[in-house]
Protein chains: 2
Amino acid sequence: MGVTKTQNFKEEQNKVAVYARVIAHPARVAILQYLLKQKTCICGDLVDVLPLAQATVSQHLKELKAVGLIKGTVEGTSVCYCIDKHKWEEVRDVFFNLFANPVECQDKCC
Amino acid sequence: MGVTKTQNFKEEQNKVAVYARVIAHPARVAILQYLLKQKTCICGDLVDVLPLAQATVSQHLKELKAVGLIKGTVEGTSVCYCIDKHKWEEVRDVFFNLFANPVECQDKCC
DNA sequence: AACATTAATCGCAATTTTACGATTAAGCAA
DNA sequence: TTGCTTAATCGTAAAATTGCGATTAATGTT
């Protein structure tokens, strides 16, 4: 139990789920928004911005990295993070594609 | 812990997270896609379509209902589900708004 | 009333997620 | 080298999620 039966669903459904999952936490949304706001790379002042401990922030960054939404390059003692433009647009398109479907139910119950 | 520190984040960040969370499972994505595909209301044949037990499907439906993305009306012994058009568009807009941000990092590290 | 059908809920187990202190690793500075 | 700074990783605890069998509730059928 507690295991999502991934293999029983279509690849696209799993893709949506994986991408949704990674932004399904306010801290990760905050990280993405912060990186978007900064037009330039920022070098790890995320810990100061977020209301979380350093270890926790690092863990969230790891998840965003795992999906490929952000990348980090070592810059001296600190690490410079930024959004991967290509992946960002891919994730965007996956959501756009899902929500492109119009809701058209004509029954009396809706 | 295991507790998301919701109160420490901005309302919009939590909103994105909540909406993302509800579609962060392939079964719920499948449910939404199925309801979108059916132009009319369907009356609970979701259990036949999904590779999950009735109790599990019911639980996923409950979560989608809790967020307001779907509604169910009792129709005899079965229940007729459909997507809430208004909420669907609100959720869509929340994602559109997030991904409307362009990625513009000019640093050498990106 | 007795029975059948359908979906929600309960109770439980396994797994995953979130969070953080402590430690480690890597690079820079004196 | 020694010390400092920064970020990743480890270990652990608490909570949430996923899944399902069993039960319950509601409605329709005979």
# chains A, B, ... in the order shown; residues from 1 in each chain; ligands from 1

call {"tool": "interface_residues", "arguments": {"of": "chain B", "to": "chain C", "cutoff": "9 Å", "atoms": "only C-alpha atoms (C1' of nucleotides)", "output": "list in words"}}
result
Met1, Gly2, Val3, Thr4, Lys5, Gly44, Gln54, Ala55, Ser58, Gln59, Gly76, Thr77, Ser78 and Val79 of chain B

call {"tool": "write_last_selection", "arguments": {"atoms": "C-alpha atoms", "output": "mmCIF file, in the first residue's frame"}}
result
data_model
loop_
_atom_site.group_PDB
_atom_site.id
_atom_site.type_symbol
_atom_site.label_atom_id
_atom_site.label_comp_id
_atom_site.auth_asym_id
_atom_site.auth_seq_id
_atom_site.Cartn_x
_atom_site.Cartn_y
_atom_site.Cartn_z
ATOM 1 C CA MET B 1 7.571 16.466 11.241
ATOM 2 C CA GLY B 2 5.897 15.826 7.908
ATOM 3 C CA VAL B 3 3.861 18.985 8.319
ATOM 4 C CA THR B 4 3.932 21.460 5.494
ATOM 5 C CA LYS B 5 4.444 24.923 6.975
ATOM 6 C CA GLY B 44 -19.910 6.218 -11.950
ATOM 7 C CA GLN B 54 -13.859 0.972 -5.726
ATOM 8 C CA ALA B 55 -12.849 2.330 -2.348
ATOM 9 C CA SER B 58 -14.046 6.905 -4.253
ATOM 10 C CA GLN B 59 -11.227 8.412 -2.237
ATOM 11 C CA GLY B 76 -30.803 6.893 -8.481
ATOM 12 C CA THR B 77 -28.398 4.386 -7.002
ATOM 13 C CA SER B 78 -25.438 5.829 -8.819
ATOM 14 C CA VAL B 79 -23.754 9.204 -8.751
#

call {"tool": "residues_around", "arguments": {"residues": "range 90-97 of chain A", "least_positions_apart": "3", "cutoff": "9 Å", "atoms": "only C-alpha atoms (C1' of nucleotides)", "output": "list in words"}}
result
Glu12, Lys15, Val16, Tyr19, Ala20, Leu69, Lys85, His86, Lys87, Ala100 and Asn101 of chain A; Arg92, Phe95, Phe96, Leu98, Phe99 and Ala100 of chain B

call {"tool": "atom_distance", "arguments": {"atom1": "CA of Phe9 in chain B", "atom2": "C1' of DT6 in chain D"}}
result
24.5 Å

call {"tool": "residues_around", "arguments": {"residues": "Tyr34 in chain A", "least_positions_apart": "3", "cutoff": "10 Å", "atoms": "only C-alpha atoms (C1' of nucleotides)", "output": "short mmCIF file (atom, residue, chain, number, x, y, z; two decimals) with all heavy atoms, in the first residue's frame"}}
result
data_model
loop_
_atom_site.label_atom_id
_atom_site.label_comp_id
_atom_site.auth_asym_id
_atom_site.auth_seq_id
_atom_site.Cartn_x
_atom_site.Cartn_y
_atom_site.Cartn_z
N ARG A 28 8.40 24.98 -2.87
CA ARG A 28 8.95 24.81 -4.22
C ARG A 28 8.36 25.84 -5.18
O ARG A 28 9.05 26.32 -6.08
CB ARG A 28 8.74 23.37 -4.70
CG ARG A 28 9.56 22.36 -3.87
CD ARG A 28 9.61 21.00 -4.51
NE ARG A 28 8.35 20.28 -4.47
CZ ARG A 28 8.00 19.46 -3.48
NH1 ARG A 28 8.81 19.24 -2.48
NH2 ARG A 28 6.83 18.85 -3.51
N VAL A 29 7.11 26.20 -4.95
CA VAL A 29 6.51 27.28 -5.74
C VAL A 29 7.27 28.57 -5.45
O VAL A 29 7.63 29.32 -6.37
CB VAL A 29 5.02 27.45 -5.40
CG1 VAL A 29 4.43 28.67 -6.12
CG2 VAL A 29 4.24 26.20 -5.76
N ALA A 30 7.55 28.81 -4.18
CA ALA A 30 8.27 30.02 -3.79
C ALA A 30 9.66 30.07 -4.42
O ALA A 30 10.10 31.12 -4.87
CB ALA A 30 8.37 30.09 -2.26
N ILE A 31 10.31 28.94 -4.44
CA ILE A 31 11.65 28.87 -5.05
C ILE A 31 11.57 29.22 -6.53
O ILE A 31 12.35 30.06 -7.03
CB ILE A 31 12.27 27.46 -4.87
CG1 ILE A 31 12.63 27.21 -3.40
CG2 ILE A 31 13.50 27.29 -5.76
CD1 ILE A 31 13.06 25.78 -3.09
N LYS A 37 11.68 35.73 -10.68
CA LYS A 37 11.74 37.16 -10.40
C LYS A 37 13.14 37.72 -10.63
O LYS A 37 13.31 38.76 -11.26
CB LYS A 37 11.31 37.42 -8.95
CG LYS A 37 10.90 38.84 -8.65
CD LYS A 37 10.48 38.97 -7.18
CE LYS A 37 11.66 38.70 -6.24
NZ LYS A 37 11.29 38.72 -4.82
N GLN A 38 14.13 36.99 -10.12
CA GLN A 38 15.51 37.38 -10.36
C GLN A 38 15.81 37.13 -11.82
O GLN A 38 15.76 35.99 -12.27
CB GLN A 38 16.47 36.54 -9.51
CG GLN A 38 16.11 36.45 -8.05
CD GLN A 38 16.12 37.79 -7.36
OE1 GLN A 38 17.03 38.57 -7.54
NE2 GLN A 38 15.08 38.07 -6.58
N LYS A 39 16.13 38.17 -12.52
CA LYS A 39 16.43 37.99 -13.93
C LYS A 39 17.80 37.34 -14.11
O LYS A 39 18.15 36.83 -15.16
CB LYS A 39 16.41 39.34 -14.66
CG LYS A 39 15.04 40.01 -14.66
CD LYS A 39 14.10 39.40 -15.68
CE LYS A 39 12.91 40.29 -15.95
NZ LYS A 39 12.04 40.50 -14.77
N ILE A 42 20.82 33.55 -9.01
CA ILE A 42 21.07 33.92 -7.64
C ILE A 42 21.90 32.83 -7.00
O ILE A 42 21.82 31.67 -7.37
CB ILE A 42 19.76 34.11 -6.85
CG1 ILE A 42 18.92 32.83 -6.96
CG2 ILE A 42 18.99 35.29 -7.34
CD1 ILE A 42 18.94 32.01 -5.75
N LEU A 46 18.52 31.62 -1.07
CA LEU A 46 17.18 31.07 -0.93
C LEU A 46 16.86 30.72 0.52
O LEU A 46 15.73 30.87 0.97
CB LEU A 46 17.03 29.82 -1.80
CG LEU A 46 16.72 30.10 -3.26
CD1 LEU A 46 17.00 28.87 -4.10
CD2 LEU A 46 15.28 30.54 -3.42
N VAL A 49 15.48 33.61 2.28
CA VAL A 49 14.16 34.01 1.80
C VAL A 49 13.07 33.08 2.33
O VAL A 49 11.98 33.52 2.68
CB VAL A 49 14.14 34.03 0.26
CG1 VAL A 49 12.76 34.41 -0.26
CG2 VAL A 49 15.19 34.99 -0.27
N LEU A 50 13.35 31.82 2.37
CA LEU A 50 12.34 30.85 2.78
C LEU A 50 12.29 30.62 4.28
O LEU A 50 13.30 30.70 4.96
CB LEU A 50 12.60 29.51 2.07
CG LEU A 50 12.53 29.54 0.54
CD1 LEU A 50 12.99 28.22 -0.04
CD2 LEU A 50 11.11 29.84 0.07
N CYS A 82 19.34 28.38 -11.23
CA CYS A 82 18.42 29.05 -12.15
C CYS A 82 17.50 28.03 -12.80
O CYS A 82 17.74 26.83 -12.76
CB CYS A 82 19.19 29.85 -13.19
SG CYS A 82 20.32 28.87 -14.16
#

call {"tool": "interface_residues", "arguments": {"of": "chain D", "to": "chain B", "cutoff": "8 Å", "atoms": "only C-alpha atoms (C1' of nucleotides)", "output": "PyMOL selection string"}}
result
chain D and resi 13-16+19-20+26-28

call {"tool": "atom_distance", "arguments": {"atom1": "CA of Asp45 in chain A", "atom2": "CA of Glu63 in chain A"}}
result
17.8 Å

call {"tool": "residues_around", "arguments": {"residues": "Asp84 in chain A", "least_positions_apart": "5", "cutoff": "12 Å", "atoms": "only C-alpha atoms (C1' of nucleotides)", "output": "PDB file with all heavy atoms, in the first residue's frame"}}
result
ATOM      1  N   LEU A  32      10.622  28.626  -7.210  1.00  0.00           N
ATOM      2  CA  LEU A  32      10.471  28.893  -8.647  1.00  0.00           C
ATOM      3  C   LEU A  32      10.142  30.364  -8.892  1.00  0.00           C
ATOM      4  O   LEU A  32      10.737  31.006  -9.768  1.00  0.00           O
ATOM      5  CB  LEU A  32       9.385  27.987  -9.236  1.00  0.00           C
ATOM      6  CG  LEU A  32       9.738  26.497  -9.311  1.00  0.00           C
ATOM      7  CD1 LEU A  32       8.517  25.676  -9.708  1.00  0.00           C
ATOM      8  CD2 LEU A  32      10.886  26.250 -10.282  1.00  0.00           C
ATOM      9  N   LEU A  35      13.204  32.483  -8.375  1.00  0.00           N
ATOM     10  CA  LEU A  35      14.149  32.344  -9.491  1.00  0.00           C
ATOM     11  C   LEU A  35      13.637  33.056 -10.743  1.00  0.00           C
ATOM     12  O   LEU A  35      14.423  33.587 -11.534  1.00  0.00           O
ATOM     13  CB  LEU A  35      14.414  30.870  -9.799  1.00  0.00           C
ATOM     14  CG  LEU A  35      15.184  30.078  -8.736  1.00  0.00           C
ATOM     15  CD1 LEU A  35      15.328  28.632  -9.153  1.00  0.00           C
ATOM     16  CD2 LEU A  35      16.546  30.686  -8.476  1.00  0.00           C
ATOM     17  N   LEU A  36      12.325  33.065 -10.890  1.00  0.00           N
ATOM     18  CA  LEU A  36      11.742  33.765 -12.041  1.00  0.00           C
ATOM     19  C   LEU A  36      11.895  35.274 -11.890  1.00  0.00           C
ATOM     20  O   LEU A  36      12.204  35.977 -12.844  1.00  0.00           O
ATOM     21  CB  LEU A  36      10.251  33.419 -12.173  1.00  0.00           C
ATOM     22  CG  LEU A  36       9.889  32.042 -12.710  1.00  0.00           C
ATOM     23  CD1 LEU A  36       8.430  31.745 -12.470  1.00  0.00           C
ATOM     24  CD2 LEU A  36      10.222  31.929 -14.194  1.00  0.00           C
ATOM     25  N   CYS A  41      21.018  34.876 -12.268  1.00  0.00           N
ATOM     26  CA  CYS A  41      21.185  33.754 -11.357  1.00  0.00           C
ATOM     27  C   CYS A  41      21.385  34.267  -9.943  1.00  0.00           C
ATOM     28  O   CYS A  41      22.021  35.281  -9.727  1.00  0.00           O
ATOM     29  CB  CYS A  41      22.425  32.936 -11.743  1.00  0.00           C
ATOM     30  SG  CYS A  41      22.139  31.895 -13.158  1.00  0.00           S
ATOM     31  N   LEU A  64      13.431  19.652  -7.221  1.00  0.00           N
ATOM     32  CA  LEU A  64      13.259  20.464  -8.432  1.00  0.00           C
ATOM     33  C   LEU A  64      14.330  20.107  -9.452  1.00  0.00           C
ATOM     34  O   LEU A  64      14.071  20.069 -10.660  1.00  0.00           O
ATOM     35  CB  LEU A  64      13.338  21.953  -8.079  1.00  0.00           C
ATOM     36  CG  LEU A  64      12.124  22.528  -7.348  1.00  0.00           C
ATOM     37  CD1 LEU A  64      12.442  23.875  -6.725  1.00  0.00           C
ATOM     38  CD2 LEU A  64      10.938  22.657  -8.303  1.00  0.00           C
ATOM     39  N   LYS A  65      15.521  19.828  -8.956  1.00  0.00           N
ATOM     40  CA  LYS A  65      16.618  19.431  -9.830  1.00  0.00           C
ATOM     41  C   LYS A  65      16.347  18.072 -10.453  1.00  0.00           C
ATOM     42  O   LYS A  65      16.608  17.840 -11.632  1.00  0.00           O
ATOM     43  CB  LYS A  65      17.937  19.390  -9.045  1.00  0.00           C
ATOM     44  CG  LYS A  65      18.863  20.558  -9.339  1.00  0.00           C
ATOM     45  CD  LYS A  65      20.227  20.361  -8.673  1.00  0.00           C
ATOM     46  CE  LYS A  65      20.158  20.503  -7.161  1.00  0.00           C
ATOM     47  NZ  LYS A  65      21.472  20.368  -6.487  1.00  0.00           N
ATOM     48  N   ALA A  66      15.812  17.161  -9.630  1.00  0.00           N
ATOM     49  CA  ALA A  66      15.536  15.790 -10.088  1.00  0.00           C
ATOM     50  C   ALA A  66      14.591  15.790 -11.286  1.00  0.00           C
ATOM     51  O   ALA A  66      14.738  15.001 -12.224  1.00  0.00           O
ATOM     52  CB  ALA A  66      14.956  14.965  -8.951  1.00  0.00           C
ATOM     53  N   VAL A  67      13.610  16.676 -11.249  1.00  0.00           N
ATOM     54  CA  VAL A  67      12.665  16.784 -12.356  1.00  0.00           C
ATOM     55  C   VAL A  67      13.295  17.543 -13.526  1.00  0.00           C
ATOM     56  O   VAL A  67      12.894  17.381 -14.675  1.00  0.00           O
ATOM     57  CB  VAL A  67      11.368  17.486 -11.881  1.00  0.00           C
ATOM     58  CG1 VAL A  67      10.456  17.829 -13.043  1.00  0.00           C
ATOM     59  CG2 VAL A  67      10.627  16.591 -10.901  1.00  0.00           C
ATOM     60  N   GLY A  68      14.295  18.342 -13.213  1.00  0.00           N
ATOM     61  CA  GLY A  68      14.997  19.077 -14.270  1.00  0.00           C
ATOM     62  C   GLY A  68      14.543  20.513 -14.421  1.00  0.00           C
ATOM     63  O   GLY A  68      14.973  21.207 -15.335  1.00  0.00           O
ATOM     64  N   LEU A  69      13.689  20.955 -13.507  1.00  0.00           N
ATOM     65  CA  LEU A  69      13.155  22.318 -13.612  1.00  0.00           C
ATOM     66  C   LEU A  69      14.195  23.383 -13.281  1.00  0.00           C
ATOM     67  O   LEU A  69      14.124  24.492 -13.767  1.00  0.00           O
ATOM     68  CB  LEU A  69      11.941  22.488 -12.697  1.00  0.00           C
ATOM     69  CG  LEU A  69      10.579  22.334 -13.354  1.00  0.00           C
ATOM     70  CD1 LEU A  69       9.466  22.475 -12.336  1.00  0.00           C
ATOM     71  CD2 LEU A  69      10.394  23.389 -14.453  1.00  0.00           C
ATOM     72  N   ILE A  70      15.163  23.031 -12.444  1.00  0.00           N
ATOM     73  CA  ILE A  70      16.225  23.980 -12.135  1.00  0.00           C
ATOM     74  C   ILE A  70      17.575  23.293 -12.279  1.00  0.00           C
ATOM     75  O   ILE A  70      17.665  22.063 -12.269  1.00  0.00           O
ATOM     76  CB  ILE A  70      16.105  24.551 -10.701  1.00  0.00           C
ATOM     77  CG1 ILE A  70      16.333  23.461  -9.652  1.00  0.00           C
ATOM     78  CG2 ILE A  70      14.767  25.223 -10.500  1.00  0.00           C
ATOM     79  CD1 ILE A  70      16.440  23.988  -8.240  1.00  0.00           C
ATOM     80  N   LYS A  71      18.605  24.094 -12.426  1.00  0.00           N
ATOM     81  CA  LYS A  71      19.958  23.546 -12.409  1.00  0.00           C
ATOM     82  C   LYS A  71      20.817  24.423 -11.529  1.00  0.00           C
ATOM     83  O   LYS A  71      20.538  25.612 -11.350  1.00  0.00           O
ATOM     84  CB  LYS A  71      20.558  23.437 -13.806  1.00  0.00           C
ATOM     85  CG  LYS A  71      19.872  24.235 -14.865  1.00  0.00           C
ATOM     86  CD  LYS A  71      20.545  24.194 -16.200  1.00  0.00           C
ATOM     87  CE  LYS A  71      20.233  25.508 -16.931  1.00  0.00           C
ATOM     88  NZ  LYS A  71      20.779  25.627 -18.260  1.00  0.00           N
ATOM     89  N   GLY A  72      21.823  23.827 -10.959  1.00  0.00           N
ATOM     90  CA  GLY A  72      22.707  24.575 -10.082  1.00  0.00           C
ATOM     91  C   GLY A  72      24.149  24.391 -10.513  1.00  0.00           C
ATOM     92  O   GLY A  72      24.572  23.284 -10.799  1.00  0.00           O
ATOM     93  N   THR A  73      24.844  25.514 -10.575  1.00  0.00           N
ATOM     94  CA  THR A  73      26.266  25.424 -10.907  1.00  0.00           C
ATOM     95  C   THR A  73      27.073  25.977  -9.748  1.00  0.00           C
ATOM     96  O   THR A  73      26.730  27.011  -9.185  1.00  0.00           O
ATOM     97  CB  THR A  73      26.597  26.231 -12.178  1.00  0.00           C
ATOM     98  OG1 THR A  73      25.807  27.412 -12.197  1.00  0.00           O
ATOM     99  CG2 THR A  73      26.316  25.423 -13.418  1.00  0.00           C
ATOM    100  N   GLU A  89       9.403  25.261 -20.092  1.00  0.00           N
ATOM    101  CA  GLU A  89       8.433  25.358 -21.180  1.00  0.00           C
ATOM    102  C   GLU A  89       7.772  24.016 -21.469  1.00  0.00           C
ATOM    103  O   GLU A  89       6.603  23.959 -21.849  1.00  0.00           O
ATOM    104  CB  GLU A  89       9.107  25.925 -22.434  1.00  0.00           C
ATOM    105  CG  GLU A  89       9.377  27.419 -22.271  1.00  0.00           C
ATOM    106  CD  GLU A  89      10.314  27.986 -23.324  1.00  0.00           C
ATOM    107  OE1 GLU A  89      10.771  27.215 -24.194  1.00  0.00           O
ATOM    108  OE2 GLU A  89      10.592  29.198 -23.263  1.00  0.00           O
ATOM    109  N   GLU A  90       8.519  22.949 -21.226  1.00  0.00           N
ATOM    110  CA  GLU A  90       7.932  21.625 -21.428  1.00  0.00           C
ATOM    111  C   GLU A  90       6.841  21.375 -20.385  1.00  0.00           C
ATOM    112  O   GLU A  90       5.745  20.910 -20.724  1.00  0.00           O
ATOM    113  CB  GLU A  90       9.010  20.535 -21.320  1.00  0.00           C
ATOM    114  CG  GLU A  90       8.504  19.175 -21.766  1.00  0.00           C
ATOM    115  CD  GLU A  90       9.297  18.026 -21.171  1.00  0.00           C
ATOM    116  OE1 GLU A  90      10.547  18.104 -21.154  1.00  0.00           O
ATOM    117  OE2 GLU A  90       8.671  17.055 -20.714  1.00  0.00           O
ATOM    118  N   VAL A  91       7.168  21.703 -19.141  1.00  0.00           N
ATOM    119  CA  VAL A  91       6.186  21.527 -18.063  1.00  0.00           C
ATOM    120  C   VAL A  91       4.973  22.418 -18.320  1.00  0.00           C
ATOM    121  O   VAL A  91       3.830  21.976 -18.191  1.00  0.00           O
ATOM    122  CB  VAL A  91       6.813  21.852 -16.693  1.00  0.00           C
ATOM    123  CG1 VAL A  91       5.757  21.815 -15.594  1.00  0.00           C
ATOM    124  CG2 VAL A  91       7.934  20.873 -16.382  1.00  0.00           C
TER     125      VAL A  91
ATOM    126  N   PRO B 102       8.229  34.589 -17.945  1.00  0.00           N
ATOM    127  CA  PRO B 102       9.275  34.140 -18.850  1.00  0.00           C
ATOM    128  C   PRO B 102      10.560  33.824 -18.081  1.00  0.00           C
ATOM    129  O   PRO B 102      10.809  34.425 -17.035  1.00  0.00           O
ATOM    130  CB  PRO B 102       9.478  35.333 -19.767  1.00  0.00           C
ATOM    131  CG  PRO B 102       9.140  36.509 -18.917  1.00  0.00           C
ATOM    132  CD  PRO B 102       8.073  36.054 -17.971  1.00  0.00           C
ATOM    133  N   VAL B 103      11.299  32.879 -18.574  1.00  0.00           N
ATOM    134  CA  VAL B 103      12.595  32.553 -17.971  1.00  0.00           C
ATOM    135  C   VAL B 103      13.652  33.374 -18.681  1.00  0.00           C
ATOM    136  O   VAL B 103      13.926  33.163 -19.855  1.00  0.00           O
ATOM    137  CB  VAL B 103      12.921  31.048 -18.124  1.00  0.00           C
ATOM    138  CG1 VAL B 103      14.286  30.750 -17.525  1.00  0.00           C
ATOM    139  CG2 VAL B 103      11.849  30.207 -17.493  1.00  0.00           C
ATOM    140  N   GLU B 104      14.185  34.333 -17.975  1.00  0.00           N
ATOM    141  CA  GLU B 104      15.205  35.146 -18.632  1.00  0.00           C
ATOM    142  C   GLU B 104      16.422  35.347 -17.744  1.00  0.00           C
ATOM    143  O   GLU B 104      16.580  36.341 -17.081  1.00  0.00           O
ATOM    144  CB  GLU B 104      14.652  36.498 -19.084  1.00  0.00           C
ATOM    145  CG  GLU B 104      13.551  37.046 -18.212  1.00  0.00           C
ATOM    146  CD  GLU B 104      13.000  38.354 -18.789  1.00  0.00           C
ATOM    147  OE1 GLU B 104      13.646  38.926 -19.673  1.00  0.00           O
ATOM    148  OE2 GLU B 104      11.936  38.789 -18.343  1.00  0.00           O
ATOM    149  N   CYS B 105      17.258  34.355 -17.795  1.00  0.00           N
ATOM    150  CA  CYS B 105      18.516  34.420 -17.066  1.00  0.00           C
ATOM    151  C   CYS B 105      19.637  34.586 -18.078  1.00  0.00           C
ATOM    152  O   CYS B 105      19.805  33.781 -18.979  1.00  0.00           O
ATOM    153  CB  CYS B 105      18.715  33.145 -16.270  1.00  0.00           C
ATOM    154  SG  CYS B 105      20.327  33.035 -15.487  1.00  0.00           S
ATOM    155  N   GLN B 106      20.391  35.661 -17.898  1.00  0.00           N
ATOM    156  CA  GLN B 106      21.429  35.935 -18.905  1.00  0.00           C
ATOM    157  C   GLN B 106      22.829  35.539 -18.453  1.00  0.00           C
ATOM    158  O   GLN B 106      23.795  35.761 -19.167  1.00  0.00           O
ATOM    159  CB  GLN B 106      21.429  37.425 -19.280  1.00  0.00           C
ATOM    160  CG  GLN B 106      20.166  37.883 -19.972  1.00  0.00           C
ATOM    161  CD  GLN B 106      19.192  38.531 -18.996  1.00  0.00           C
ATOM    162  OE1 GLN B 106      19.357  38.406 -17.786  1.00  0.00           O
ATOM    163  NE2 GLN B 106      18.194  39.206 -19.507  1.00  0.00           N
ATOM    164  N   CYS B 109      26.130  30.978 -16.272  1.00  0.00           N
ATOM    165  CA  CYS B 109      25.937  29.674 -15.652  1.00  0.00           C
ATOM    166  C   CYS B 109      24.720  28.949 -16.209  1.00  0.00           C
ATOM    167  O   CYS B 109      24.533  27.770 -15.969  1.00  0.00           O
ATOM    168  CB  CYS B 109      25.822  29.796 -14.138  1.00  0.00           C
ATOM    169  SG  CYS B 109      24.290  30.542 -13.587  1.00  0.00           S
ATOM    170  N   CYS B 110      23.867  29.668 -16.937  1.00  0.00           N
ATOM    171  CA  CYS B 110      22.635  29.035 -17.426  1.00  0.00           C
ATOM    172  C   CYS B 110      22.742  28.670 -18.909  1.00  0.00           C
ATOM    173  O   CYS B 110      23.491  29.264 -19.640  1.00  0.00           O
ATOM    174  CB  CYS B 110      21.456  29.973 -17.200  1.00  0.00           C
ATOM    175  SG  CYS B 110      21.265  30.397 -15.470  1.00  0.00           S
TER     176      CYS B 110
END

call {"tool": "select_by_dssp", "arguments": {"residues": "chain B", "states": "strand (DSSP E)", "output": "PDB file with N, CA and C atoms, in the first residue's frame"}}
result
ATOM      1  N   ILE B  70     -14.557  18.837  -9.266  1.00  0.00           N
ATOM      2  CA  ILE B  70     -15.674  18.053  -9.779  1.00  0.00           C
ATOM      3  C   ILE B  70     -16.853  18.135  -8.818  1.00  0.00           C
ATOM      4  N   LYS B  71     -18.020  17.847  -9.334  1.00  0.00           N
ATOM      5  CA  LYS B  71     -19.168  17.733  -8.454  1.00  0.00           C
ATOM      6  C   LYS B  71     -19.935  16.470  -8.817  1.00  0.00           C
ATOM      7  N   GLY B  72     -20.619  15.948  -7.844  1.00  0.00           N
ATOM      8  CA  GLY B  72     -21.373  14.731  -8.083  1.00  0.00           C
ATOM      9  C   GLY B  72     -22.811  14.896  -7.645  1.00  0.00           C
ATOM     10  N   THR B  73     -23.719  14.475  -8.514  1.00  0.00           N
ATOM     11  CA  THR B  73     -25.126  14.539  -8.139  1.00  0.00           C
ATOM     12  C   THR B  73     -25.700  13.140  -8.140  1.00  0.00           C
ATOM     13  N   VAL B  74     -26.436  12.840  -7.108  1.00  0.00           N
ATOM     14  CA  VAL B  74     -27.008  11.507  -6.978  1.00  0.00           C
ATOM     15  C   VAL B  74     -28.076  11.303  -8.043  1.00  0.00           C
ATOM     16  N   GLU B  75     -27.985  10.165  -8.697  1.00  0.00           N
ATOM     17  CA  GLU B  75     -28.901   9.844  -9.790  1.00  0.00           C
ATOM     18  C   GLU B  75     -29.360   8.400  -9.577  1.00  0.00           C
ATOM     19  N   SER B  78     -26.792   5.412  -8.465  1.00  0.00           N
ATOM     20  CA  SER B  78     -25.438   5.829  -8.819  1.00  0.00           C
ATOM     21  C   SER B  78     -25.266   7.337  -8.686  1.00  0.00           C
ATOM     22  N   VAL B  79     -24.056   7.785  -8.878  1.00  0.00           N
ATOM     23  CA  VAL B  79     -23.754   9.204  -8.751  1.00  0.00           C
ATOM     24  C   VAL B  79     -23.175   9.718 -10.063  1.00  0.00           C
ATOM     25  N   CYS B  80     -23.651  10.852 -10.486  1.00  0.00           N
ATOM     26  CA  CYS B  80     -23.224  11.434 -11.743  1.00  0.00           C
ATOM     27  C   CYS B  80     -22.180  12.514 -11.505  1.00  0.00           C
ATOM     28  N   TYR B  81     -20.994  12.275 -12.041  1.00  0.00           N
ATOM     29  CA  TYR B  81     -19.900  13.220 -11.836  1.00  0.00           C
ATOM     30  C   TYR B  81     -19.642  14.074 -13.065  1.00  0.00           C
ATOM     31  N   CYS B  82     -19.270  15.295 -12.821  1.00  0.00           N
ATOM     32  CA  CYS B  82     -18.768  16.119 -13.914  1.00  0.00           C
ATOM     33  C   CYS B  82     -17.877  17.223 -13.378  1.00  0.00           C
ATOM     34  N   ILE B  83     -17.110  17.784 -14.286  1.00  0.00           N
ATOM     35  CA  ILE B  83     -16.164  18.826 -13.912  1.00  0.00           C
ATOM     36  C   ILE B  83     -16.887  20.146 -13.689  1.00  0.00           C
TER      37      ILE B  83
END

call {"tool": "closest_residue", "arguments": {"among": "B:Arg21, B:Gln7, B:Lys62, B:Trp88", "to": "chain A", "atoms": "only C-alpha atoms"}}
result
B:Arg21

call {"tool": "closest_residue", "arguments": {"among": "B:Ala17, B:Asp48, B:Val22, B:Glu11", "to": "chain A", "atoms": "only C-alpha atoms"}}
result
B:Ala17

call {"tool": "select_by_dssp", "arguments": {"residues": "chain A", "states": "alpha helix (DSSP H)", "output": "PyMOL selection string"}}
result
chain A and resi 11-22+26-37+46-49+54-67+85-99
